[in-house]
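Asks: First the structure, then my questions, so here it is.
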Amino acid sequence: MQQQRRQPELVEGNLPVFVFPTELIFYADDQSTHKQVLTLYNPYEFALKFKVLCTTPNKYVVVDAAGAVKPQCCVDIVIRHRDVRACHYDVIDKFRLQVSEQSQRKALGRKEIIATLLPSAKEQRKEVEEKRIKEHLTESVFLEQMLCQTENRTASSGPSLLTVFLGIVCVAALMLPTLGEVESLVPLYFHLSVNQKLVAAYVLGLITMVILRI
């Protein structure tokens, strides 16, 4: 009976995947950007398997493209660009991160990450940062609208205004840079540690699971 009640929550492809950043920018004239790090968060109470796929695997090296994440932990996935040439400038590549339970083979959730090679860091960095901020704001508005719509449909048992506020705060926290990131327009006192982002991802995961049950 317990397995039958749990099954609707873990529908194939519907499990939210928390990975940051959601966009990788490589600069041809800055070798330090040729290696990027994706952080996969697991805010759930069960372990996850993950696998990284790419539309152009010949252009990248993914260290530990498959592995596992313990409950309420995170793991870093290193991605290196190995084919930095002018013919690849402004070409959008995609990575797909699939997750599943360790005891199952089907993908419970997936997330796409965009990767782009740009010619110059100096010319493009400010524009890219502004674009990211706009995209993050759009995601925050979407989450707020989704939570508000759910609350309207279930006025008696739906999420409260406090739940909506907590969800927005968690999304905002996950958008902020991680401690140690040097190239960022965000002031240093807004940089969060990995543990702080893990807590935010865990709370956001709980809110999402509540919405999925409705």
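Letters A, B, ... go to the chains of the structure tokens in the order shown; residues in each chain start at 1; ligands are counted from 1 in the same order.
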Would you pick out the contacts of range 38-45 of chain A at 7 Å or less, using only C-alpha atoms, so that residues sharing its chain but fewer than 4 positions from it are not included, and give the list as an NGL selection string?
Replies: :A and (18-21 or 69 or 71-78 or 198 or 201-202 or 205)
Asks: May I have the selected residues written with all heavy atoms, as a CSV table (one decimal), in the first residue's frame?
Replies:
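Generated file (out_17.csv):
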chain,number,residue,atom,x,y,z
A,18,PHE,N,17.2,20.0,-9.5
A,18,PHE,CA,17.8,21.3,-9.1
A,18,PHE,C,19.3,21.2,-9.4
A,18,PHE,O,20.1,20.6,-8.8
A,18,PHE,CB,17.6,21.5,-7.6
A,18,PHE,CG,16.2,21.5,-7.2
A,18,PHE,CD1,15.5,20.4,-6.7
A,18,PHE,CD2,15.4,22.7,-7.3
A,18,PHE,CE1,14.2,20.4,-6.4
A,18,PHE,CE2,14.1,22.7,-6.9
A,18,PHE,CZ,13.5,21.6,-6.5
A,19,VAL,N,19.7,22.0,-10.5
A,19,VAL,CA,21.0,22.1,-10.9
A,19,VAL,C,21.4,23.5,-11.2
A,19,VAL,O,20.5,24.2,-11.8
A,19,VAL,CB,21.3,21.2,-12.1
A,19,VAL,CG1,20.4,21.5,-13.3
A,19,VAL,CG2,22.8,21.2,-12.5
A,20,PHE,N,22.5,24.0,-10.8
A,20,PHE,CA,22.9,25.4,-11.0
A,20,PHE,C,24.4,25.4,-11.4
A,20,PHE,O,25.2,24.6,-10.8
A,20,PHE,CB,22.7,26.2,-9.8
A,20,PHE,CG,21.2,26.3,-9.4
A,20,PHE,CD1,20.6,25.4,-8.6
A,20,PHE,CD2,20.5,27.3,-9.9
A,20,PHE,CE1,19.3,25.5,-8.3
A,20,PHE,CE2,19.1,27.5,-9.6
A,20,PHE,CZ,18.5,26.5,-8.8
A,21,PRO,N,24.8,26.3,-12.3
A,21,PRO,CA,23.9,27.1,-13.1
A,21,PRO,C,23.1,26.4,-14.2
A,21,PRO,O,23.5,25.2,-14.5
A,21,PRO,CB,24.9,28.1,-13.7
A,21,PRO,CG,26.1,27.3,-13.9
A,21,PRO,CD,26.2,26.4,-12.7
A,69,VAL,N,23.9,10.7,-6.0
A,69,VAL,CA,23.9,11.8,-5.0
A,69,VAL,C,23.1,11.3,-3.8
A,69,VAL,O,22.0,10.8,-3.9
A,69,VAL,CB,23.2,13.0,-5.6
A,69,VAL,CG1,23.5,14.2,-4.6
A,69,VAL,CG2,23.7,13.4,-7.0
A,71,PRO,N,21.0,11.4,-0.3
A,71,PRO,CA,19.8,12.3,0.1
A,71,PRO,C,20.3,13.6,0.8
A,71,PRO,O,21.3,13.5,1.6
A,71,PRO,CB,19.0,11.4,1.1
A,71,PRO,CG,19.4,10.0,0.7
A,71,PRO,CD,20.8,10.0,0.3
A,72,GLN,N,19.7,14.7,0.4
A,72,GLN,CA,20.0,16.0,1.0
A,72,GLN,C,21.5,16.3,0.9
A,72,GLN,O,22.1,16.9,1.8
A,72,GLN,CB,19.6,16.0,2.5
A,72,GLN,CG,18.1,15.7,2.6
A,72,GLN,CD,17.6,15.7,4.1
A,72,GLN,OE1,18.3,16.2,5.0
A,72,GLN,NE2,16.4,15.2,4.3
A,73,CYS,N,22.1,16.0,-0.2
A,73,CYS,CA,23.5,16.3,-0.5
A,73,CYS,C,23.6,16.9,-1.9
A,73,CYS,O,22.6,17.0,-2.6
A,73,CYS,CB,24.4,15.1,-0.4
A,73,CYS,SG,24.6,14.4,1.3
A,74,CYS,N,24.8,17.3,-2.3
A,74,CYS,CA,25.0,17.8,-3.7
A,74,CYS,C,26.3,17.2,-4.2
A,74,CYS,O,27.1,16.7,-3.5
A,74,CYS,CB,25.0,19.3,-3.7
A,74,CYS,SG,26.4,20.0,-2.7
A,75,VAL,N,26.5,17.3,-5.5
A,75,VAL,CA,27.7,16.8,-6.2
A,75,VAL,C,28.0,17.8,-7.3
A,75,VAL,O,27.2,18.4,-7.9
A,75,VAL,CB,27.4,15.4,-6.7
A,75,VAL,CG1,26.4,15.4,-7.8
A,75,VAL,CG2,28.7,14.8,-7.3
A,76,ASP,N,29.3,18.0,-7.5
A,76,ASP,CA,29.8,18.8,-8.6
A,76,ASP,C,30.2,18.0,-9.8
A,76,ASP,O,30.8,17.0,-9.7
A,76,ASP,CB,31.1,19.6,-8.1
A,76,ASP,CG,30.7,20.7,-7.1
A,76,ASP,OD1,29.5,21.1,-7.1
A,76,ASP,OD2,31.6,21.1,-6.3
A,77,ILE,N,29.8,18.5,-11.0
A,77,ILE,CA,30.1,17.8,-12.2
A,77,ILE,C,30.9,18.8,-13.1
A,77,ILE,O,30.5,19.9,-13.4
A,77,ILE,CB,28.8,17.5,-13.0
A,77,ILE,CG1,27.9,16.6,-12.1
A,77,ILE,CG2,29.1,16.8,-14.3
A,77,ILE,CD1,26.5,16.5,-12.7
A,78,VAL,N,32.1,18.4,-13.4
A,78,VAL,CA,33.1,19.3,-14.1
A,78,VAL,C,32.9,19.0,-15.6
A,78,VAL,O,32.9,17.9,-16.1
A,78,VAL,CB,34.5,19.0,-13.7
A,78,VAL,CG1,35.5,19.9,-14.5
A,78,VAL,CG2,34.7,19.2,-12.2
A,198,LEU,N,22.1,24.5,-0.4
A,198,LEU,CA,21.5,23.2,-0.2
A,198,LEU,C,20.2,23.3,0.6
A,198,LEU,O,19.2,22.6,0.3
A,198,LEU,CB,22.5,22.3,0.4
A,198,LEU,CG,22.1,20.8,0.5
A,198,LEU,CD1,21.8,20.2,-0.8
A,198,LEU,CD2,23.2,20.0,1.2
A,201,ALA,N,17.5,24.7,-1.6
A,201,ALA,CA,17.0,23.7,-2.5
A,201,ALA,C,16.1,22.7,-1.8
A,201,ALA,O,15.1,22.2,-2.4
A,201,ALA,CB,18.2,23.0,-3.2
A,202,TYR,N,16.5,22.3,-0.6
A,202,TYR,CA,15.7,21.3,0.1
A,202,TYR,C,14.3,21.9,0.4
A,202,TYR,O,13.3,21.2,0.2
A,202,TYR,CB,16.4,21.0,1.4
A,202,TYR,CG,15.6,20.1,2.3
A,202,TYR,CD1,15.4,18.7,2.0
A,202,TYR,CD2,15.0,20.6,3.5
A,202,TYR,CE1,14.6,17.9,2.8
A,202,TYR,CE2,14.3,19.7,4.3
A,202,TYR,CZ,14.1,18.4,4.0
A,202,TYR,OH,13.4,17.6,4.8
A,205,GLY,N,12.3,22.1,-2.7
A,205,GLY,CA,11.9,20.7,-3.1
A,205,GLY,C,10.6,20.3,-2.3
A,205,GLY,O,9.7,19.7,-2.9
Asks: From a backbone DSSP assignment, name each residue in range 25-209 of chain A labelled helix (DSSP H, G or I), as a PyMOL selection string.
Replies: chain A and resi 31-34+57-59+86-88+121-153+161-175+188-190+194-209
Asks: Show me, as a PyMOL selection string, the residues that have an atom within 7 Å of Leu53 in chain A when counting only C-alpha atoms, minus same-chain residues fewer than 4 positions from it.
Replies: chain A and resi 95-97
Asks: So which residues touch range 186-196 of chain A within 8 Å, counting only C-alpha atoms, skipping near sequence neighbours fewer than 2 positions away, as a ChimeraX atom specification?
Replies: /A:173,176-179,184,198-200
Asks: Pick from A:Val169, A:Val164, A:Ile79, A:Ala68: nearest to Cys54 in chain A, with only C-alpha atoms counted?
Replies: A:Ile79
